[in-house]
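The structure appears right after this line, and notes come after that.
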Amino acid sequence: MIRHLFKLIWNKKKQNFLLIIEMLVSFMVMFAVFTLIVYYYNNYKRPMGFVYENVWAVSYPNNKLHTENEDSINMYYENIKRTVAALPEVREASFVSSNSPFSASTSNSNVTVNKVSLMANQYWVDDDYARLLQVHMIAGRWFSKLDDGSKNKPIVINATMKEKAFGNKEAIGQRFKVNEDEVVIIGVVQDLKDKGDYMKQEAAQFMRSGWQSRMLVSIHPDAGAAFESKLNKLLTGMMPTANIEIEHLTKKRVAKNSITLVPMIILLVVAGFLIVNVALGLFGVLWYNISRRKAEIGLRKAIGASGNNIVLQIVSETLILSTFSLIIGSFFAVQFPLLNVFDLPSGVYVTALILAILFIYALVIICAIYPGKQASNILPAVALHED
Amino acid sequence: MLVNYFKIAIAVLKRRKFFTFISLFGISLTLTIIIVLTAFMDYLLSPSHPDVKRERSLYVNMLRLEHTKKGMRMTGPMTFHYLNHFVGSMKTPEKVAIFSMFSPTNTYINSKKLVINVKHTNHDYWEVEEYQFLEGKPYTAEQIARAEKVTVISEEIKHAYFGEVPSVVGKFLETDNEQYRVIGVVKNVPITMIYSYADMYLPYTLSKEDKGDNKGMNGKYMAILLGRSKADLPAMEQEYQQVIRKIPVDSTMEYDKITGYADPYLAGFTRVFLGDDSGTGVTKFFLIIGLVLFLFMLLPTINLVNINSSRIMERSSEIAVRKAFGASSGTLAIQFIIENLILTFFGGIIGVALSAIVLWVFNNSQLIPNAALQINLMVLAATLGACLVFGLLSGVYPAWRMSRLQVVTALKSN
């Protein structure tokens, strides 16, 4: 039966060639689309790792101070933080570097940990950061007063970094170098998706530091715009030259996500349109081909083939045709994980490959069933008479 | 003869309505997507209010300071001092507009928060950029020099801050805990025009960070150099390069190499993403766009070729008869290509109508505030071009296959 079908296809290779190309290109489009969907979905379903509701990010660029003395600068900012934290509406305040949650800025450095060289996001934060964002410690502890005056600089790394550098081994107490300084790992924190819901798994390291270019403030849920105005006035009073900007993390998260989602939606619309186009074309061509094979089908029915047999024949012919395209397409698609293009995990490609194959098969079956049904309704007497 | 072809084409289209529908669907939607994208590009790149003099302007948006030995590099906008002192003394430009990128400030009115984007400018800015003033006028050079707290605001902020009042000139607006007297209201500018967009325009002397007293190089300002005519642009870019070369550097400083460019509008953006020291990246940009468009059109075109071959092969008896009566393959091929062009032409009309609807919906959705995308002549020409390419691409192969048909086989098979 299969050999027979191959022969039928081979006899019309010219006509089928274009169909194969069309299915091949659609397969590649779907492979790309599914790769993105699977990748984003995998990222999306990972936990956020921190709480962003009722947290504001306050930035104060260009705050000019009259002193260069490090101690007095530290004291000045420490004082601001204490004043803000003491407000009744405020739960907690914490200094963080400009790559704060959902901001556009990033900061990373190349470090060698346990002989593994990796690129890690770098954050400078203070002792209150973990409590404010309610991050989850997997092992060890966050920075605290205990680290005052300790010989080696303490560092907290995230789960991904621990995984990459140490695997299943213990990471706490291990030492490595960051910009010439020797640091010791005191804690492992769960990954924070601080660049939005679709952020990929990245290594991150947190360094203990005093004042920074931004402050996170967590507030009581009932504090509204009136309090924001009050906070703004208060901060302007303490930092007269600065450009105070208060942003809500919930809003920043939406904005950050839409940067990922909008291109994705445009891509999906375009891909959806292409697929509808292909489906209609496939459908039309199959329909036409079958109307040309009336005689052959009539003959088959005359010698005893049932209607279902005919549908099966038409559908399997198309499936074999699409299998050709899928084999060629998979050959190209497999190159992506093999050559490690775009640095995505190979699991994503494999899942996308399977989904794309299933999708094309489903599409082809749907497009072939109706013309197949049409063919199965051909009456042998009429078809043979026409000839 | 053409009339005949036309009649045949219409008859054929009517006979197989389903195939006609599929072809029209594919052509019109593909064209819609292309028209919408070109309208978007055109909207981003062609001059409009207030940046109407793009033709004879060069944009200076960043400066790179490098220390080649230490491997340090700083790239970004510049200080007011640099632009005013070095660039402002250039001979070729008629005017030099100096302005900062917009930066947000917070205002609280009636326990509601309003984010006002502020831009600091010099006086020439108002002459290079032709804002449409709904009320009042821009600040003068004297007002800038005296650091008067005056401001020009956008129509949008006027409504958001003052409500529906007829005139606001002379009223005071408070942001960042400072009071400013409104002296002018301008028509809204969409945020996609990043050089011109802001809610509030202030004299540079009121800036908290850089009143022109910062003698460094990296700051927050950019500039537009306005030439007297389009022909001045190359000379202007050359003079700018001379300016940069004249800036004193010594390796004891933080940098020993300075690079910067005065680029036309599009090149100013492409250089950031695709350019390097030798090129602006405009060619690369168009190559990438072309490639993407080609890949996008590939699938619908293969689809059309497929359908057209079926459609034409169906008419093998007609072809055979015409051949038997002496029509050459070329004549037949031309007939089918014309038929196909007629089909794509219809698809084109539907596509233009569809994209008009899409653009209308987009403009009304306020996805980009104040945006007004439209199909203009350039876009329409691009569309017709795409139509032609489509018609030819999807018509040539089937016509070629058809023209090789043997008369005898074709007649016999029927």
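Ligands are numbered from 1 in the order shown, residues from 1 within each chain, and chains are lettered A, B, ... in the order they appear in the structure tokens.
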
Note to self: For a quick test of understanding: name the residues of chain B lying within 6 Å of chain A when counting only C-alpha atoms, and present them as a PyMOL selection string.
What the structure shows: chain B and resi 26+108+111-112+208+303

Next item on the list: Excluding Arg253 (chain A) and residues on its chain fewer than 3 positions from it, collect all residues at most 7 Å away from it, counting only C-alpha atoms, and give them as a ChimeraX atom specification.
Entry: /A:102,196,249-250,256-257

Next item on the list: Figure out the distance between CA of Ala204 (chain A) and CA of Asn121 (chain A), please, to one decimal in Å.
Entry: 4.4 Å

Note to self: Need to verify the contact set: Cys387 (chain B), 9 Å, only C-alpha atoms, exclusion of same-chain residues closer than 2 positions in sequence. Can you return it as a VMD selection string?
What the structure shows: chain B and resid 27 31 341 344 to 345 347 to 348 382 to 385 389 to 392

Take the residues that were just selected and, keeping N, CA, C and O atoms, output them as a compact mmCIF listing (two decimals), in the first residue's frame.
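Saved to out_3.txt:
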```
# COMPACT_ATOMS: atom_id res chain seq x y z
N ILE B 27 -3.28 37.55 -1.57
CA ILE B 27 -2.67 38.79 -2.09
C ILE B 27 -3.05 39.97 -1.22
O ILE B 27 -2.19 40.73 -0.76
N LEU B 31 -0.49 42.13 1.14
CA LEU B 31 -0.29 43.55 0.83
C LEU B 31 -0.68 44.42 2.01
O LEU B 31 -0.01 45.41 2.30
N LEU B 341 -1.79 39.49 -13.41
CA LEU B 341 -1.65 40.87 -12.96
C LEU B 341 -3.01 41.47 -12.64
O LEU B 341 -3.16 42.23 -11.69
N THR B 344 -3.91 40.20 -9.25
CA THR B 344 -3.19 40.88 -8.17
C THR B 344 -3.66 42.32 -8.05
O THR B 344 -3.68 42.87 -6.96
N PHE B 345 -4.06 42.90 -9.18
CA PHE B 345 -4.56 44.27 -9.13
C PHE B 345 -5.82 44.34 -8.24
O PHE B 345 -5.94 45.20 -7.39
N GLY B 347 -6.60 42.19 -5.96
CA GLY B 347 -6.11 41.95 -4.60
C GLY B 347 -5.52 43.22 -4.00
O GLY B 347 -5.73 43.53 -2.82
N GLY B 348 -4.81 43.99 -4.86
CA GLY B 348 -4.20 45.24 -4.40
C GLY B 348 -5.25 46.21 -3.92
O GLY B 348 -5.10 46.82 -2.85
N ALA B 382 4.95 52.03 -3.19
CA ALA B 382 5.60 50.81 -2.72
C ALA B 382 4.65 49.63 -2.87
O ALA B 382 5.03 48.53 -3.27
N THR B 383 3.37 49.89 -2.58
CA THR B 383 2.37 48.84 -2.67
C THR B 383 2.19 48.36 -4.10
O THR B 383 2.15 47.16 -4.37
N LEU B 384 2.10 49.33 -5.01
CA LEU B 384 1.92 48.95 -6.41
C LEU B 384 3.11 48.14 -6.88
O LEU B 384 2.97 47.16 -7.61
N GLY B 385 4.31 48.56 -6.43
CA GLY B 385 5.52 47.81 -6.77
C GLY B 385 5.42 46.38 -6.28
O GLY B 385 5.67 45.43 -7.02
N VAL B 389 5.46 42.84 -8.44
CA VAL B 389 6.39 41.75 -8.15
C VAL B 389 5.60 40.46 -7.89
O VAL B 389 5.92 39.39 -8.42
N PHE B 390 4.57 40.61 -7.07
CA PHE B 390 3.70 39.48 -6.75
C PHE B 390 3.11 38.84 -8.00
O PHE B 390 3.19 37.64 -8.21
N GLY B 391 2.51 39.70 -8.82
CA GLY B 391 1.85 39.24 -10.02
C GLY B 391 2.81 38.51 -10.93
O GLY B 391 2.51 37.43 -11.45
N LEU B 392 4.00 39.09 -11.10
CA LEU B 392 4.98 38.49 -11.99
C LEU B 392 5.49 37.18 -11.39
O LEU B 392 5.49 36.14 -12.04
```

Checklist line | Non-local contacts of Asp191 (chain A) (7 Å; only C-alpha atoms; under 5 positions in same chain excluded) as a PyMOL selection string | finding: chain A and resi 49+158-160

Next item on the list: Would you mind listing what lies within 7 Å of region 116-128 of chain B as a PyMOL selection string, with only C-alpha atoms counted and same-chain residues fewer than 4 positions away left out?
Entry: chain B and resi 95-106+138+140-141+198-204+207+226
